[in-house]
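upload-v1.cif (mmCIF, N, CA and C atoms)
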data_start
loop_
_atom_site.group_PDB
_atom_site.id
_atom_site.type_symbol
_atom_site.label_atom_id
_atom_site.label_comp_id
_atom_site.auth_asym_id
_atom_site.auth_seq_id
_atom_site.Cartn_x
_atom_site.Cartn_y
_atom_site.Cartn_z
ATOM 1 N N MET A 1 -1.218 96.447 58.547
ATOM 2 C CA MET A 1 -1.134 95.669 57.327
ATOM 3 C C MET A 1 0.190 94.914 57.326
ATOM 4 N N ASN A 2 0.134 93.641 56.970
ATOM 5 C CA ASN A 2 1.347 92.847 56.868
ATOM 6 C C ASN A 2 1.639 92.531 55.394
ATOM 7 N N LYS A 3 2.710 91.760 55.136
ATOM 8 C CA LYS A 3 3.110 91.461 53.752
ATOM 9 C C LYS A 3 2.013 90.740 52.982
ATOM 10 N N GLN A 4 1.354 89.783 53.617
ATOM 11 C CA GLN A 4 0.302 89.023 52.938
ATOM 12 C C GLN A 4 -0.860 89.929 52.555
ATOM 13 N N GLU A 5 -1.239 90.808 53.457
ATOM 14 C CA GLU A 5 -2.333 91.732 53.171
ATOM 15 C C GLU A 5 -1.939 92.715 52.071
ATOM 16 N N LEU A 6 -0.694 93.160 52.081
ATOM 17 C CA LEU A 6 -0.199 94.056 51.035
ATOM 18 C C LEU A 6 -0.233 93.348 49.681
ATOM 19 N N ALA A 7 0.229 92.117 49.632
ATOM 20 C CA ALA A 7 0.218 91.346 48.385
ATOM 21 C C ALA A 7 -1.212 91.126 47.903
ATOM 22 N N ALA A 8 -2.130 90.846 48.823
ATOM 23 C CA ALA A 8 -3.531 90.635 48.449
ATOM 24 C C ALA A 8 -4.127 91.912 47.857
ATOM 25 N N LYS A 9 -3.806 93.057 48.432
ATOM 26 C CA LYS A 9 -4.323 94.335 47.926
ATOM 27 C C LYS A 9 -3.759 94.624 46.535
ATOM 28 N N ILE A 10 -2.454 94.387 46.356
ATOM 29 C CA ILE A 10 -1.835 94.595 45.042
ATOM 30 C C ILE A 10 -2.470 93.653 44.022
ATOM 31 N N SER A 11 -2.684 92.407 44.406
ATOM 32 C CA SER A 11 -3.297 91.413 43.533
ATOM 33 C C SER A 11 -4.678 91.875 43.080
ATOM 34 N N GLU A 12 -5.440 92.358 44.029
ATOM 35 C CA GLU A 12 -6.807 92.807 43.743
ATOM 36 C C GLU A 12 -6.825 94.039 42.838
ATOM 37 N N GLU A 13 -5.975 95.015 43.150
ATOM 38 C CA GLU A 13 -5.980 96.278 42.400
ATOM 39 C C GLU A 13 -5.377 96.147 41.008
ATOM 40 N N LYS A 14 -4.389 95.278 40.843
ATOM 41 C CA LYS A 14 -3.692 95.164 39.562
ATOM 42 C C LYS A 14 -4.138 93.958 38.740
ATOM 43 N N GLY A 15 -5.030 93.144 39.290
ATOM 44 C CA GLY A 15 -5.551 92.008 38.547
ATOM 45 C C GLY A 15 -4.525 90.929 38.266
ATOM 46 N N ILE A 16 -3.617 90.707 39.211
ATOM 47 C CA ILE A 16 -2.624 89.644 39.074
ATOM 48 C C ILE A 16 -2.857 88.618 40.176
ATOM 49 N N SER A 17 -2.235 87.467 40.043
ATOM 50 C CA SER A 17 -2.427 86.429 41.062
ATOM 51 C C SER A 17 -1.766 86.841 42.380
ATOM 52 N N LYS A 18 -2.280 86.262 43.463
ATOM 53 C CA LYS A 18 -1.692 86.549 44.780
ATOM 54 C C LYS A 18 -0.246 86.067 44.853
ATOM 55 N N ALA A 19 0.035 84.943 44.195
ATOM 56 C CA ALA A 19 1.403 84.404 44.193
ATOM 57 C C ALA A 19 2.355 85.377 43.508
ATOM 58 N N GLU A 20 1.925 85.930 42.388
ATOM 59 C CA GLU A 20 2.764 86.888 41.669
ATOM 60 C C GLU A 20 2.944 88.168 42.480
ATOM 61 N N ALA A 21 1.874 88.644 43.091
ATOM 62 C CA ALA A 21 1.962 89.853 43.923
ATOM 63 C C ALA A 21 2.879 89.616 45.117
ATOM 64 N N THR A 22 2.817 88.427 45.703
ATOM 65 C CA THR A 22 3.684 88.086 46.835
ATOM 66 C C THR A 22 5.145 88.094 46.406
ATOM 67 N N ARG A 23 5.439 87.553 45.215
ATOM 68 C CA ARG A 23 6.817 87.562 44.705
ATOM 69 C C ARG A 23 7.300 88.994 44.489
ATOM 70 N N VAL A 24 6.433 89.856 43.999
ATOM 71 C CA VAL A 24 6.809 91.255 43.777
ATOM 72 C C VAL A 24 7.127 91.939 45.106
ATOM 73 N N VAL A 25 6.262 91.757 46.084
ATOM 74 C CA VAL A 25 6.470 92.373 47.402
ATOM 75 C C VAL A 25 7.773 91.862 48.016
ATOM 76 N N GLU A 26 7.990 90.557 47.978
ATOM 77 C CA GLU A 26 9.221 89.976 48.525
ATOM 78 C C GLU A 26 10.450 90.519 47.810
ATOM 79 N N THR A 27 10.380 90.635 46.498
ATOM 80 C CA THR A 27 11.513 91.152 45.717
ATOM 81 C C THR A 27 11.827 92.591 46.090
ATOM 82 N N VAL A 28 10.802 93.412 46.265
ATOM 83 C CA VAL A 28 11.013 94.815 46.645
ATOM 84 C C VAL A 28 11.736 94.883 47.988
ATOM 85 N N PHE A 29 11.245 94.144 48.981
ATOM 86 C CA PHE A 29 11.861 94.195 50.309
ATOM 87 C C PHE A 29 13.272 93.613 50.298
ATOM 88 N N GLU A 30 13.476 92.520 49.569
ATOM 89 C CA GLU A 30 14.809 91.926 49.487
ATOM 90 C C GLU A 30 15.797 92.892 48.836
ATOM 91 N N THR A 31 15.345 93.604 47.803
ATOM 92 C CA THR A 31 16.213 94.568 47.123
ATOM 93 C C THR A 31 16.595 95.710 48.046
ATOM 94 N N ILE A 32 15.644 96.202 48.814
ATOM 95 C CA ILE A 32 15.939 97.283 49.766
ATOM 96 C C ILE A 32 16.974 96.801 50.779
ATOM 97 N N VAL A 33 16.780 95.613 51.334
ATOM 98 C CA VAL A 33 17.722 95.067 52.324
ATOM 99 C C VAL A 33 19.102 94.870 51.710
ATOM 100 N N ASP A 34 19.156 94.321 50.496
ATOM 101 C CA ASP A 34 20.450 94.091 49.842
ATOM 102 C C ASP A 34 21.203 95.392 49.613
ATOM 103 N N GLU A 35 20.508 96.423 49.184
ATOM 104 C CA GLU A 35 21.157 97.719 48.959
ATOM 105 C C GLU A 35 21.652 98.324 50.264
ATOM 106 N N LEU A 36 20.874 98.209 51.318
ATOM 107 C CA LEU A 36 21.307 98.734 52.621
ATOM 108 C C LEU A 36 22.511 97.956 53.148
ATOM 109 N N LYS A 37 22.521 96.637 52.950
ATOM 110 C CA LYS A 37 23.681 95.820 53.360
ATOM 111 C C LYS A 37 24.939 96.267 52.632
ATOM 112 N N ALA A 38 24.785 96.676 51.381
ATOM 113 C CA ALA A 38 25.923 97.122 50.572
ATOM 114 C C ALA A 38 26.334 98.558 50.917
ATOM 115 N N GLY A 39 25.628 99.177 51.858
ATOM 116 C CA GLY A 39 25.981 100.529 52.279
ATOM 117 C C GLY A 39 25.354 101.628 51.435
ATOM 118 N N GLU A 40 24.427 101.265 50.582
ATOM 119 C CA GLU A 40 23.785 102.244 49.710
ATOM 120 C C GLU A 40 22.524 102.814 50.357
ATOM 121 N N MET A 41 22.201 104.051 50.015
ATOM 122 C CA MET A 41 20.955 104.668 50.438
ATOM 123 C C MET A 41 19.883 104.272 49.415
ATOM 124 N N VAL A 42 18.689 104.014 49.879
ATOM 125 C CA VAL A 42 17.577 103.688 48.988
ATOM 126 C C VAL A 42 16.622 104.875 48.984
ATOM 127 N N LYS A 43 16.523 105.535 47.844
ATOM 128 C CA LYS A 43 15.657 106.709 47.700
ATOM 129 C C LYS A 43 14.450 106.331 46.858
ATOM 130 N N ILE A 44 13.276 106.509 47.415
ATOM 131 C CA ILE A 44 12.042 106.247 46.687
ATOM 132 C C ILE A 44 11.280 107.564 46.625
ATOM 133 N N PRO A 45 11.352 108.266 45.482
ATOM 134 C CA PRO A 45 10.699 109.576 45.367
ATOM 135 C C PRO A 45 9.208 109.494 45.716
ATOM 136 N N GLY A 46 8.766 110.457 46.499
ATOM 137 C CA GLY A 46 7.381 110.504 46.921
ATOM 138 C C GLY A 46 7.081 109.630 48.126
ATOM 139 N N PHE A 47 8.039 108.806 48.531
ATOM 140 C CA PHE A 47 7.856 107.927 49.691
ATOM 141 C C PHE A 47 8.851 108.261 50.784
ATOM 142 N N GLY A 48 10.154 108.152 50.475
ATOM 143 C CA GLY A 48 11.159 108.492 51.471
ATOM 144 C C GLY A 48 12.490 107.828 51.192
ATOM 145 N N ASN A 49 13.417 107.993 52.133
ATOM 146 C CA ASN A 49 14.772 107.467 52.010
ATOM 147 C C ASN A 49 15.077 106.512 53.156
ATOM 148 N N PHE A 50 15.672 105.366 52.806
ATOM 149 C CA PHE A 50 16.187 104.429 53.796
ATOM 150 C C PHE A 50 17.700 104.590 53.803
ATOM 151 N N VAL A 51 18.293 104.645 54.990
ATOM 152 C CA VAL A 51 19.737 104.824 55.084
ATOM 153 C C VAL A 51 20.265 104.034 56.279
ATOM 154 N N VAL A 52 21.490 103.523 56.143
ATOM 155 C CA VAL A 52 22.138 102.818 57.250
ATOM 156 C C VAL A 52 22.850 103.857 58.106
ATOM 157 N N LYS A 53 22.576 103.829 59.404
ATOM 158 C CA LYS A 53 23.226 104.734 60.351
ATOM 159 C C LYS A 53 24.127 103.905 61.260
ATOM 160 N N VAL A 54 25.249 104.480 61.641
ATOM 161 C CA VAL A 54 26.167 103.805 62.559
ATOM 162 C C VAL A 54 26.060 104.476 63.920
ATOM 163 N N ARG A 55 25.695 103.698 64.912
ATOM 164 C CA ARG A 55 25.621 104.196 66.292
ATOM 165 C C ARG A 55 26.995 104.008 66.925
ATOM 166 N N LYS A 56 27.498 105.042 67.557
ATOM 167 C CA LYS A 56 28.819 104.978 68.185
ATOM 168 C C LYS A 56 28.791 104.103 69.428
ATOM 169 N N ALA A 57 29.955 103.555 69.758
ATOM 170 C CA ALA A 57 30.094 102.798 71.000
ATOM 171 C C ALA A 57 29.876 103.754 72.163
ATOM 172 N N ARG A 58 29.313 103.224 73.252
ATOM 173 C CA ARG A 58 29.049 104.079 74.409
ATOM 174 C C ARG A 58 29.091 103.253 75.684
ATOM 175 N N THR A 59 29.134 103.948 76.798
ATOM 176 C CA THR A 59 29.087 103.292 78.097
ATOM 177 C C THR A 59 27.680 103.448 78.654
ATOM 178 N N ALA A 60 27.106 102.352 79.124
ATOM 179 C CA ALA A 60 25.768 102.372 79.708
ATOM 180 C C ALA A 60 25.850 101.843 81.133
ATOM 181 N N VAL A 61 24.832 102.153 81.915
ATOM 182 C CA VAL A 61 24.785 101.696 83.302
ATOM 183 C C VAL A 61 23.561 100.803 83.474
ATOM 184 N N ILE A 62 23.769 99.631 84.069
ATOM 185 C CA ILE A 62 22.657 98.735 84.392
ATOM 186 C C ILE A 62 22.056 99.244 85.698
ATOM 187 N N PRO A 63 20.812 99.707 85.680
ATOM 188 C CA PRO A 63 20.223 100.370 86.847
ATOM 189 C C PRO A 63 20.191 99.528 88.127
ATOM 190 N N LEU A 64 19.885 98.249 88.048
ATOM 191 C CA LEU A 64 19.752 97.436 89.259
ATOM 192 C C LEU A 64 21.079 97.201 89.971
ATOM 193 N N SER A 65 22.144 97.014 89.196
ATOM 194 C CA SER A 65 23.439 96.714 89.817
ATOM 195 C C SER A 65 24.385 97.908 89.797
ATOM 196 N N ASN A 66 24.002 98.965 89.096
ATOM 197 C CA ASN A 66 24.833 100.162 88.946
ATOM 198 C C ASN A 66 26.171 99.826 88.268
ATOM 199 N N LYS A 67 26.171 98.742 87.508
ATOM 200 C CA LYS A 67 27.371 98.287 86.826
ATOM 201 C C LYS A 67 27.468 98.964 85.459
ATOM 202 N N LYS A 68 28.681 99.386 85.091
ATOM 203 C CA LYS A 68 28.896 100.007 83.791
ATOM 204 C C LYS A 68 29.275 98.944 82.765
ATOM 205 N N VAL A 69 28.670 99.050 81.593
ATOM 206 C CA VAL A 69 28.983 98.131 80.496
ATOM 207 C C VAL A 69 29.227 98.947 79.237
ATOM 208 N N ILE A 70 30.014 98.388 78.347
ATOM 209 C CA ILE A 70 30.287 99.070 77.084
ATOM 210 C C ILE A 70 29.366 98.487 76.018
ATOM 211 N N VAL A 71 28.595 99.359 75.387
ATOM 212 C CA VAL A 71 27.732 98.967 74.272
ATOM 213 C C VAL A 71 28.545 99.236 73.009
ATOM 214 N N PRO A 72 28.844 98.193 72.234
ATOM 215 C CA PRO A 72 29.679 98.393 71.050
ATOM 216 C C PRO A 72 28.947 99.175 69.949
ATOM 217 N N SER A 73 29.720 99.679 69.015
ATOM 218 C CA SER A 73 29.171 100.362 67.855
ATOM 219 C C SER A 73 28.351 99.360 67.042
ATOM 220 N N TYR A 74 27.253 99.836 66.447
ATOM 221 C CA TYR A 74 26.431 98.958 65.619
ATOM 222 C C TYR A 74 25.707 99.760 64.546
ATOM 223 N N LYS A 75 25.241 99.038 63.536
ATOM 224 C CA LYS A 75 24.506 99.667 62.440
ATOM 225 C C LYS A 75 23.012 99.514 62.676
ATOM 226 N N THR A 76 22.259 100.516 62.243
ATOM 227 C CA THR A 76 20.810 100.466 62.310
ATOM 228 C C THR A 76 20.253 101.143 61.063
ATOM 229 N N VAL A 77 18.996 100.969 60.798
ATOM 230 C CA VAL A 77 18.376 101.552 59.613
ATOM 231 C C VAL A 77 17.543 102.758 60.015
ATOM 232 N N GLY A 78 17.702 103.817 59.239
ATOM 233 C CA GLY A 78 16.897 105.003 59.436
ATOM 234 C C GLY A 78 15.994 105.220 58.237
ATOM 235 N N PHE A 79 14.849 105.842 58.456
ATOM 236 C CA PHE A 79 13.920 106.159 57.373
ATOM 237 C C PHE A 79 13.473 107.602 57.537
ATOM 238 N N LYS A 80 13.576 108.364 56.453
ATOM 239 C CA LYS A 80 13.094 109.735 56.463
ATOM 240 C C LYS A 80 12.003 109.840 55.398
ATOM 241 N N PRO A 81 10.756 110.046 55.823
ATOM 242 C CA PRO A 81 9.677 110.125 54.842
ATOM 243 C C PRO A 81 9.783 111.383 53.991
ATOM 244 N N ALA A 82 9.326 111.263 52.740
ATOM 245 C CA ALA A 82 9.310 112.409 51.834
ATOM 246 C C ALA A 82 8.244 113.395 52.295
ATOM 247 N N LYS A 83 8.422 114.653 51.950
ATOM 248 C CA LYS A 83 7.481 115.703 52.352
ATOM 249 C C LYS A 83 6.070 115.389 51.850
ATOM 250 N N SER A 84 5.965 114.956 50.600
ATOM 251 C CA SER A 84 4.646 114.650 50.045
ATOM 252 C C SER A 84 3.994 113.476 50.773
ATOM 253 N N PHE A 85 4.801 112.511 51.201
ATOM 254 C CA PHE A 85 4.302 111.358 51.960
ATOM 255 C C PHE A 85 3.728 111.826 53.302
ATOM 256 N N LYS A 86 4.483 112.679 53.998
ATOM 257 C CA LYS A 86 4.026 113.181 55.295
ATOM 258 C C LYS A 86 2.728 113.965 55.157
ATOM 259 N N GLU A 87 2.619 114.753 54.088
ATOM 260 C CA GLU A 87 1.422 115.559 53.896
ATOM 261 C C GLU A 87 0.206 114.692 53.583
ATOM 262 N N GLN A 88 0.401 113.595 52.882
ATOM 263 C CA GLN A 88 -0.707 112.694 52.562
ATOM 264 C C GLN A 88 -1.222 111.969 53.795
ATOM 265 N N VAL A 89 -0.349 111.733 54.758
ATOM 266 C CA VAL A 89 -0.728 111.004 55.966
ATOM 267 C C VAL A 89 -1.486 111.901 56.941
ATOM 268 N N LYS A 90 -1.245 113.197 56.887
ATOM 269 C CA LYS A 90 -1.891 114.128 57.830
ATOM 270 C C LYS A 90 -3.385 114.040 57.782
#

Just give me the structure as structure tokens.
Amino acid sequence: MNKQELAAKISEEKGISKAEATRVVETVFETIVDELKAGEMVKIPGFGNFVVKVRKARTAVIPLSNKKVIVPSYKTVGFKPAKSFKEQVK
């Protein structure tokens, strides 16, 4: 399922226009991204938690040339699903 399909399903189930449902979906995702950029954790009860993780700098080896390179520290997003969410998916 992609964003358009999600908006269409919300539109159908809630009886709102597709344009309005699309704006809602976009707003939800933009808000999650903005909070993560600000360093905040996003907790959605019954769904899960989004959190920014910092990966440490490390040394890696390029297999073909056996050359060592330094991979700098970087941020990534982690998601931990809620227990109830995991049980519903089983």

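Going from atom CA of Gly48 of chain A to atom CA of Phe79 of chain A covers 6.9 Å.
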
Using only N, CA and C atoms, which protein or nucleic acid residues come within 6.5 Å of Ala7 of chain A? Drop anything in the same chain fewer than 3 positions from it, and give the result as a PyMOL selection string.
chain A and resi 2-4+10-12+18+21-22+25

Selection as a PyMOL selection string: residues within 6.5 Å of (7.9, 112.4, 49.4), counting all atoms listed in the file
chain A and resi 45-48+81-86

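For the residues A:Glu26, A:Lys75, A:Glu20, A:Lys80, ranking by smallest atom-to-atom distance to Asn49 of chain A using all atoms listed in the file places A:Lys80 first.
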
For the atom pair atom N of Lys37 of chain A and atom CA of Arg55 of chain A, what is the interatomic distance in Å to one decimal place?
15.6 Å

Which of chain A counts as helix (DSSP H, G or I) under DSSP, as a count of residues only please?
39

Would you compute the distance between atom CA of Val89 of chain A and atom CA of Ser17 of chain A? Give it in Å to one decimal.
28.8 Å

So what does the PyMOL selection byres ((chain A and resi 50) around 7) actually pick up in this one, as JSON, numbers by chain?
{"A": [36, 40, 41, 42, 43, 44, 48, 49, 51, 52, 77, 78, 79, 80]}

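Running the PyMOL selection byres ((chain A and resi 57) around 6.5) on this file leaves Arg55, Lys56, Arg58, Thr59, Val71, Pro72, Ser73 and Tyr74 of chain A selected.
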
Among the residues of segment 11-82 of chain A, find those DSSP assigns to strand (DSSP E or B) from the backbone and print them as a ChimeraX atom specification.
/A:42-44,48-55,58-62,67-71,74-81
